$ cat data.txt   # compact mmCIF, C-alpha atoms and all ligand atoms
# COMPACT_ATOMS: atom_id res chain seq x y z
CA MET A 1 59.32 168.41 86.17
CA LEU A 2 59.15 164.71 86.91
CA ALA A 3 58.98 162.15 84.08
CA ILE A 4 57.12 158.89 84.49
CA ILE A 5 57.55 155.81 82.34
CA GLY A 6 54.57 153.50 82.68
CA GLY A 7 54.83 149.77 82.09
CA SER A 8 52.30 146.94 81.91
CA GLY A 9 49.13 147.98 83.71
CA LEU A 10 50.01 151.67 83.39
CA THR A 11 49.62 152.72 79.77
CA GLN A 12 47.74 155.81 80.96
CA LEU A 13 48.23 158.04 83.95
CA ALA A 14 44.66 158.55 85.07
CA ASN A 15 45.53 161.56 87.21
CA LEU A 16 47.44 163.38 84.47
CA GLU A 17 45.50 166.35 83.09
CA LEU A 18 46.81 166.20 79.56
CA SER A 19 47.86 169.47 77.96
CA ARG A 20 49.63 168.14 74.86
CA ASN A 21 50.92 165.03 73.13
CA GLU A 22 54.35 165.49 71.61
CA ARG A 23 55.90 163.16 69.06
CA VAL A 24 59.66 163.48 69.41
CA LEU A 25 62.00 162.46 66.62
CA THR A 26 65.27 161.17 67.99
CA PRO A 27 68.62 160.19 66.48
CA TYR A 28 67.78 156.67 67.68
CA GLY A 29 64.42 156.31 65.99
CA GLU A 30 60.91 156.49 67.37
CA PRO A 31 60.01 156.40 71.05
CA SER A 32 57.26 154.02 72.14
CA GLY A 33 54.70 156.78 71.65
CA PRO A 34 54.09 160.48 72.10
CA LEU A 35 55.27 162.16 75.27
CA LYS A 36 52.23 163.20 77.24
CA PHE A 37 52.75 166.56 78.91
CA GLY A 38 50.28 167.70 81.48
CA ARG A 39 49.62 168.43 85.13
CA ILE A 40 49.04 166.25 88.13
CA CYS A 41 47.34 168.26 90.88
CA GLY A 42 48.54 171.41 89.13
CA ARG A 43 52.18 170.33 88.91
CA PRO A 44 53.81 169.66 85.53
CA ALA A 45 54.70 166.10 84.60
CA VAL A 46 55.47 164.13 81.49
CA PHE A 47 54.40 160.55 80.86
CA LEU A 48 55.49 157.91 78.38
CA ALA A 49 53.91 154.47 77.95
CA ARG A 50 56.86 152.09 77.62
CA HIS A 51 54.98 149.50 75.60
CA GLY A 52 53.12 152.06 73.51
CA ASP A 53 49.61 153.43 73.99
CA ALA A 54 48.13 150.16 72.71
CA HIS A 55 50.54 148.02 74.76
CA SER A 56 51.90 146.51 71.55
CA ILE A 57 55.69 146.78 71.98
CA ALA A 58 57.32 143.76 73.63
CA PRO A 59 60.04 144.29 76.26
CA HIS A 60 62.89 143.28 73.93
CA GLN A 61 61.52 145.53 71.18
CA VAL A 62 61.14 148.71 73.21
CA ASN A 63 63.37 151.44 71.77
CA TYR A 64 64.88 152.33 75.14
CA ARG A 65 67.37 154.76 73.64
CA ALA A 66 64.69 156.73 71.80
CA ASN A 67 62.49 156.77 74.91
CA LEU A 68 65.23 158.05 77.20
CA TRP A 69 66.60 160.51 74.68
CA ALA A 70 63.10 161.91 74.01
CA LEU A 71 62.43 162.34 77.73
CA SER A 72 65.82 163.98 78.26
CA GLN A 73 64.78 166.76 75.88
CA SER A 74 62.32 168.06 78.47
CA THR A 75 65.13 168.12 81.10
CA PRO A 76 63.20 166.25 83.80
CA VAL A 77 64.45 166.45 87.38
CA GLY A 78 64.10 162.69 87.49
CA ILE A 79 62.50 159.68 85.88
CA VAL A 80 60.26 157.34 87.84
CA SER A 81 59.83 154.03 86.08
CA VAL A 82 56.83 151.87 86.89
CA ALA A 83 57.28 148.20 86.05
CA ALA A 84 55.57 144.92 86.88
CA VAL A 85 57.71 142.18 88.40
CA GLY A 86 57.49 138.60 89.57
CA SER A 87 58.44 137.92 93.16
CA ILE A 88 61.31 135.62 94.05
CA ARG A 89 61.71 136.70 97.69
CA PRO A 90 59.02 134.97 99.76
CA ASP A 91 57.96 138.08 101.73
CA LEU A 92 57.05 139.96 98.54
CA GLU A 93 53.48 139.12 97.61
CA PRO A 94 51.37 139.95 94.56
CA GLY A 95 50.10 143.50 94.95
CA ASP A 96 53.14 144.65 96.93
CA LEU A 97 55.19 147.65 95.84
CA VAL A 98 58.98 147.66 95.84
CA ILE A 99 61.68 150.28 95.31
CA PRO A 100 64.61 148.23 93.98
CA ASP A 101 68.16 149.28 94.82
CA GLN A 102 70.20 146.92 92.66
CA ILE A 103 70.05 145.28 89.25
CA ILE A 104 71.42 142.15 87.65
CA ASP A 105 71.16 142.31 83.87
CA TYR A 106 70.39 139.09 81.95
CA THR A 107 69.12 140.83 78.81
CA TRP A 108 70.94 140.49 75.52
CA GLY A 109 70.95 142.06 72.08
CA ARG A 110 69.40 145.34 73.22
CA ALA A 111 70.89 148.67 72.17
CA SER A 112 72.19 149.56 75.60
CA THR A 113 74.41 152.62 75.21
CA PHE A 114 74.33 156.01 73.50
CA HIS A 115 78.09 155.82 73.12
CA GLU A 116 78.71 153.68 70.11
CA GLY A 117 79.50 154.17 66.47
CA PRO A 118 82.50 155.61 64.63
CA ASP A 119 82.00 159.15 65.94
CA SER A 120 81.58 158.25 69.56
CA ALA A 121 84.37 157.82 72.08
CA VAL A 122 84.18 154.75 74.29
CA THR A 123 82.46 155.91 77.48
CA HIS A 124 82.04 154.05 80.75
CA ILE A 125 79.57 155.09 83.41
CA ASP A 126 79.71 154.35 87.12
CA PHE A 127 76.79 152.01 87.82
CA THR A 128 77.67 150.80 91.31
CA GLU A 129 74.32 152.12 92.48
CA PRO A 130 72.07 151.83 89.43
CA TYR A 131 69.18 153.79 90.95
CA ASP A 132 69.36 157.36 92.19
CA ARG A 133 69.53 157.35 95.97
CA ALA A 134 67.77 160.70 96.48
CA LEU A 135 64.91 159.82 94.14
CA ARG A 136 64.48 156.44 95.83
CA SER A 137 64.33 158.13 99.17
CA ARG A 138 61.73 160.62 97.89
CA LEU A 139 59.62 157.67 96.77
CA GLN A 140 59.95 156.12 100.20
CA VAL A 141 59.00 159.38 101.95
CA ALA A 142 56.01 159.86 99.61
CA ALA A 143 54.84 156.29 100.26
CA THR A 144 55.09 156.75 104.02
CA ALA A 145 53.25 160.09 103.84
CA ILE A 146 50.25 158.52 102.12
CA GLY A 147 50.36 155.28 104.08
CA VAL A 148 51.34 153.03 101.18
CA LYS A 149 53.42 150.04 102.22
CA ILE A 150 56.52 149.75 100.07
CA SER A 151 59.63 147.62 100.38
CA ASP A 152 62.68 149.84 100.04
CA SER A 153 65.34 147.47 98.84
CA ALA A 154 65.41 144.63 96.36
CA VAL A 155 67.69 143.22 93.70
CA TYR A 156 65.95 143.43 90.33
CA ALA A 157 66.81 140.77 87.74
CA ALA A 158 66.22 142.00 84.19
CA THR A 159 65.38 139.10 81.89
CA GLN A 160 64.96 139.13 78.13
CA GLY A 161 61.38 137.99 77.78
CA PRO A 162 58.89 138.16 76.31
CA ARG A 163 58.30 134.70 77.73
CA LEU A 164 58.23 134.24 81.48
CA GLU A 165 61.02 132.25 83.10
CA THR A 166 61.31 128.55 83.85
CA ALA A 167 61.27 127.43 87.48
CA ALA A 168 64.96 126.47 87.16
CA GLU A 169 65.82 129.92 85.83
CA ILE A 170 64.12 131.48 88.84
CA ASN A 171 66.12 129.19 91.15
CA ARG A 172 69.25 130.41 89.42
CA LEU A 173 68.22 134.05 89.78
CA GLU A 174 67.64 133.45 93.48
CA ARG A 175 71.09 131.89 93.85
CA ASP A 176 72.45 134.99 92.13
CA GLY A 177 70.79 137.16 94.78
CA ALA A 178 67.76 138.46 92.89
CA ASP A 179 64.55 139.33 94.76
CA VAL A 180 62.28 140.33 91.88
CA VAL A 181 62.28 139.69 88.15
CA GLY A 182 61.11 141.84 85.27
CA MET A 183 61.87 142.41 81.61
CA THR A 184 62.26 146.15 81.13
CA GLY A 185 64.60 147.52 83.81
CA MET A 186 67.58 147.30 81.49
CA PRO A 187 68.97 149.03 79.56
CA GLU A 188 66.55 151.76 80.73
CA ALA A 189 68.38 152.44 84.01
CA ALA A 190 71.82 152.50 82.36
CA LEU A 191 70.69 154.84 79.61
CA ALA A 192 69.24 157.25 82.19
CA ARG A 193 72.62 157.20 83.94
CA GLU A 194 74.42 157.90 80.67
CA LEU A 195 72.20 160.96 80.31
CA ALA A 196 72.82 161.87 83.96
CA ILE A 197 69.08 161.84 84.74
CA PRO A 198 68.22 160.63 88.26
CA TYR A 199 66.26 157.39 87.81
CA ALA A 200 64.32 155.22 90.24
CA ALA A 201 61.71 152.51 89.89
CA ILE A 202 58.45 151.47 91.46
CA ASN A 203 58.09 147.73 90.95
CA VAL A 204 54.60 146.33 91.26
CA VAL A 205 54.64 142.65 92.23
CA ALA A 206 52.22 141.08 89.76
CA ASN A 207 52.81 137.40 90.56
CA TYR A 208 55.01 134.90 92.30
CA ALA A 209 57.84 134.05 89.91
CA ALA A 210 57.79 130.69 88.12
CA GLY A 211 57.86 127.71 90.47
CA ARG A 212 57.09 129.85 93.56
CA GLY A 213 53.97 130.33 95.65
CA ASP A 214 50.80 129.87 93.63
CA SER A 215 52.94 129.89 90.45
CA ARG A 216 54.37 126.48 91.39
CA GLU A 217 52.87 124.79 88.32
CA ARG A 218 51.99 127.67 86.03
CA ILE A 219 51.62 131.43 86.03
CA SER A 220 48.14 132.74 85.36
CA LEU A 221 48.27 135.71 83.00
CA GLU A 222 44.69 136.57 83.93
CA ASP A 223 45.72 136.81 87.58
CA ILE A 224 48.65 139.07 86.62
CA HIS A 225 46.31 141.47 84.85
CA ALA A 226 43.88 141.44 87.76
CA VAL A 227 46.63 142.13 90.32
CA LEU A 228 48.07 144.98 88.25
CA ALA A 229 44.63 146.54 87.77
CA ALA A 230 43.98 146.35 91.50
CA SER A 231 47.38 147.83 92.47
CA MET A 232 47.53 150.80 90.15
CA HIS A 233 45.49 153.13 92.37
CA GLN A 234 48.38 152.94 94.86
CA VAL A 235 50.87 153.75 92.11
CA HIS A 236 48.75 156.71 91.01
CA ALA A 237 48.58 158.00 94.58
CA LEU A 238 52.33 157.59 95.02
CA ILE A 239 53.13 159.43 91.81
CA GLU A 240 50.71 162.18 92.76
CA LYS A 241 52.49 162.62 96.08
CA MET A 242 55.90 162.59 94.39
CA VAL A 243 54.91 165.17 91.81
CA THR A 244 53.31 167.49 94.36
CA SER A 245 56.36 167.33 96.62
CA ASP A 246 58.59 168.18 93.64
CA ASP A 247 60.35 171.52 93.95
N1 LIG B 1 58.96 137.47 85.17
C1 LIG B 1 59.39 138.47 84.38
N2 LIG B 1 58.74 139.61 84.21
C2 LIG B 1 57.59 139.77 84.87
C3 LIG B 1 57.07 138.78 85.71
C4 LIG B 1 57.79 137.56 85.87
O1 LIG B 1 57.37 136.64 86.60
N3 LIG B 1 55.90 139.26 86.22
C5 LIG B 1 55.73 140.51 85.69
N4 LIG B 1 56.75 140.82 84.89
$ encode --input "data.txt" --output "structure tokens"
Amino acid sequence: MLAIIGGSGLTQLANLELSRNERVLTPYGEPSGPLKFGRICGRPAVFLARHGDAHSIAPHQVNYRANLWALSQSTPVGIVSVAAVGSIRPDLEPGDLVIPDQIIDYTWGRASTFHEGPDSAVTHIDFTEPYDRALRSRLQVAATAIGVKISDSAVYAATQGPRLETAAEINRLERDGADVVGMTGMPEAALARELAIPYAAINVVANYAAGRGDSRERISLEDIHAVLAASMHQVHALIEKMVTSDD
């Protein structure tokens, strides 16, 4: 069964035929909301809204450990994370979809490992490739099969939020090699790796990052919402294809 974590613009999976909501208690506290188990085109899937069903949990306040631990209990074959991003790379335009292949983490103060505390041995994970290669390639194949244009490599910069960045910060991220910027990719990806769950992301470009394109002077939040609303049918179609090609 595939697990999907939905971000801004995807608090509900329209094509999920819900069979049950499950509230999972975890050793790390409460997940963002109930796990939604159901079927997409007859195939089982589980969905979790990262920011809560009412979109009320800010990126730095998401309980990533509880979310990942809760999802791990249903032993998913993989987790597909959907997350809005700002575009730094000029060829990525609002409305475009991206499968990132690398991460630079600028977040701070987030509980970012399961391996801490007096009873836990220090544990290091290999994170050279933060996203699962096979799951990324399945996303790419699914996108091609349904004719959805998707960019298959990008460096994702994870910022703290909840504010958007300054233009100078975006210039710095570009110098660092980042192509897109979002607020929720970490520690989610690292926690999935700690649990050994294959993890990949669909980034939806919601806007040009601060100081770029039509965000040169300011970023319009209304435009972000409109772009996300208009792009989600592609994300739904992609997830549907992924789930139905799941063995
Ligand atoms: N910056 C950070 N996170 C985002 C952005 C952005 O410009 N757009 C959507 N999520």
$ residues_near_point --input "data.txt" --point "(65.3, 163.1, 66.0)" --cutoff "12 Å" --atoms "all atoms listed in the file" --output "list in words"
Arg23, Val24, Leu25, Thr26, Pro27, Tyr28, Gly29, Glu30, Pro31, Arg65, Ala66, Asn67, Trp69, Ala70 and Gln73 of chain A
$ residues_near_ligand --input "data.txt" --ligand "ligand LIG 1 (chain B)" --cutoff "7 Å" --atoms "all atoms listed in the file" --output "number ranges by chain"
A: 84-87, 159, 161, 164-165, 181-183, 205-210
$ write_last_selection --input "data.txt" --atoms "C-alpha atoms" --output "PDB file, keeping the file's coordinate frame"
ATOM      1  CA  ALA A  84      55.570 144.920  86.880  1.00  0.00           C
ATOM      2  CA  VAL A  85      57.710 142.180  88.400  1.00  0.00           C
ATOM      3  CA  GLY A  86      57.490 138.600  89.570  1.00  0.00           C
ATOM      4  CA  SER A  87      58.440 137.920  93.160  1.00  0.00           C
ATOM      5  CA  THR A 159      65.380 139.100  81.890  1.00  0.00           C
ATOM      6  CA  GLY A 161      61.380 137.990  77.780  1.00  0.00           C
ATOM      7  CA  LEU A 164      58.230 134.240  81.480  1.00  0.00           C
ATOM      8  CA  GLU A 165      61.020 132.250  83.100  1.00  0.00           C
ATOM      9  CA  VAL A 181      62.280 139.690  88.150  1.00  0.00           C
ATOM     10  CA  GLY A 182      61.110 141.840  85.270  1.00  0.00           C
ATOM     11  CA  MET A 183      61.870 142.410  81.610  1.00  0.00           C
ATOM     12  CA  VAL A 205      54.640 142.650  92.230  1.00  0.00           C
ATOM     13  CA  ALA A 206      52.220 141.080  89.760  1.00  0.00           C
ATOM     14  CA  ASN A 207      52.810 137.400  90.560  1.00  0.00           C
ATOM     15  CA  TYR A 208      55.010 134.900  92.300  1.00  0.00           C
ATOM     16  CA  ALA A 209      57.840 134.050  89.910  1.00  0.00           C
ATOM     17  CA  ALA A 210      57.790 130.690  88.120  1.00  0.00           C
TER      18      ALA A 210
END
$ atom_distance --input "data.txt" --atom1 "atom CA of Leu238 of chain A" --atom2 "atom CA of Leu71 of chain A"
20.6 Å
$ atom_distance --input "data.txt" --atom1 "atom CA of Gly6 of chain A" --atom2 "atom CA of Glu217 of chain A"
29.3 Å
$ atom_distance --input "data.txt" --atom1 "atom CA of Ala201 of chain A" --atom2 "atom CA of Glu17 of chain A"
22.4 Å
$ residues_near_point --input "data.txt" --point "(51.8, 168.7, 92.4)" --cutoff "7 Å" --atoms "only C-alpha atoms" --output "list in words"
Ile40, Cys41, Gly42, Arg43, Glu240, Val243, Thr244, Ser245 and Asp246 of chain A
$ closest_residue --input "data.txt" --among "A:Pro162, A:Gly177, A:Gly52, A:Pro187" --to "Thr113 of chain A" --atoms "all atoms listed in the file"
A:Pro187
$ axis_aligned_box --input "data.txt" --around "segment 6-22 of chain A" --padding-each-side "8 Å" --output "JSON"
{"center_x": 49.7, "center_y": 158.2, "center_z": 79.4, "size_x": 26.2, "size_y": 38.5, "size_z": 31.6}
$ closest_residue --input "data.txt" --among "A:Arg89, A:Arg216, A:His236, A:Arg133" --to "Arg175 of chain A" --atoms "all atoms listed in the file"
A:Arg89
$ closest_atom_pairs --input "data.txt" --of "segment 171-234 of chain A" --to "segment 59-64 of chain A" --cutoff "12 Å" --atoms "all atoms listed in the file" --output "CSV"
residue,atom,partner,partner_atom,distance
A:Gly182,CA,A:Pro59,CA,9.4
A:Met183,CA,A:Pro59,CA,6.0
A:Thr184,CA,A:Pro59,CA,5.7
A:Gly185,CA,A:Pro59,CA,9.4
A:Met186,CA,A:Tyr64,CA,8.5
A:Pro187,CA,A:Tyr64,CA,6.9
A:Glu188,CA,A:Tyr64,CA,5.9
A:Ala189,CA,A:Tyr64,CA,9.5
A:Ala190,CA,A:Tyr64,CA,10.0
A:Leu191,CA,A:Tyr64,CA,7.7
A:Ala192,CA,A:Tyr64,CA,9.6
$ closest_residue --input "data.txt" --among "A:Ile88, A:Ile219, A:Leu10, A:Val98" --to "Glu174 of chain A" --atoms "only C-alpha atoms"
A:Ile88
$ residues_around --input "data.txt" --residues "Ala237 of chain A" --least-positions-apart "2" --cutoff "12 Å" --atoms "all atoms listed in the file" --output "PyMOL selection string"
chain A and resi 13-16+40-41+139+142-148+231-235+239-244
$ write_last_selection --input "data.txt" --atoms "C-alpha atoms" --output "compact mmCIF listing (two decimals), in the frame of the given file"
# COMPACT_ATOMS: atom_id res chain seq x y z
CA LEU A 13 48.23 158.04 83.95
CA ALA A 14 44.66 158.55 85.07
CA ASN A 15 45.53 161.56 87.21
CA LEU A 16 47.44 163.38 84.47
CA ILE A 40 49.04 166.25 88.13
CA CYS A 41 47.34 168.26 90.88
CA LEU A 139 59.62 157.67 96.77
CA ALA A 142 56.01 159.86 99.61
CA ALA A 143 54.84 156.29 100.26
CA THR A 144 55.09 156.75 104.02
CA ALA A 145 53.25 160.09 103.84
CA ILE A 146 50.25 158.52 102.12
CA GLY A 147 50.36 155.28 104.08
CA VAL A 148 51.34 153.03 101.18
CA SER A 231 47.38 147.83 92.47
CA MET A 232 47.53 150.80 90.15
CA HIS A 233 45.49 153.13 92.37
CA GLN A 234 48.38 152.94 94.86
CA VAL A 235 50.87 153.75 92.11
CA ILE A 239 53.13 159.43 91.81
CA GLU A 240 50.71 162.18 92.76
CA LYS A 241 52.49 162.62 96.08
CA MET A 242 55.90 162.59 94.39
CA VAL A 243 54.91 165.17 91.81
CA THR A 244 53.31 167.49 94.36
$ closest_residue --input "data.txt" --among "A:Ala196, A:Ile150, A:Ile99, A:Ala54" --to "Pro76 of chain A" --atoms "only C-alpha atoms"
A:Ala196
$ closest_residue --input "data.txt" --among "A:His124, A:Ser112, A:Gly9, A:Ser32" --to "Ile224 of chain A" --atoms "only C-alpha atoms"
A:Gly9
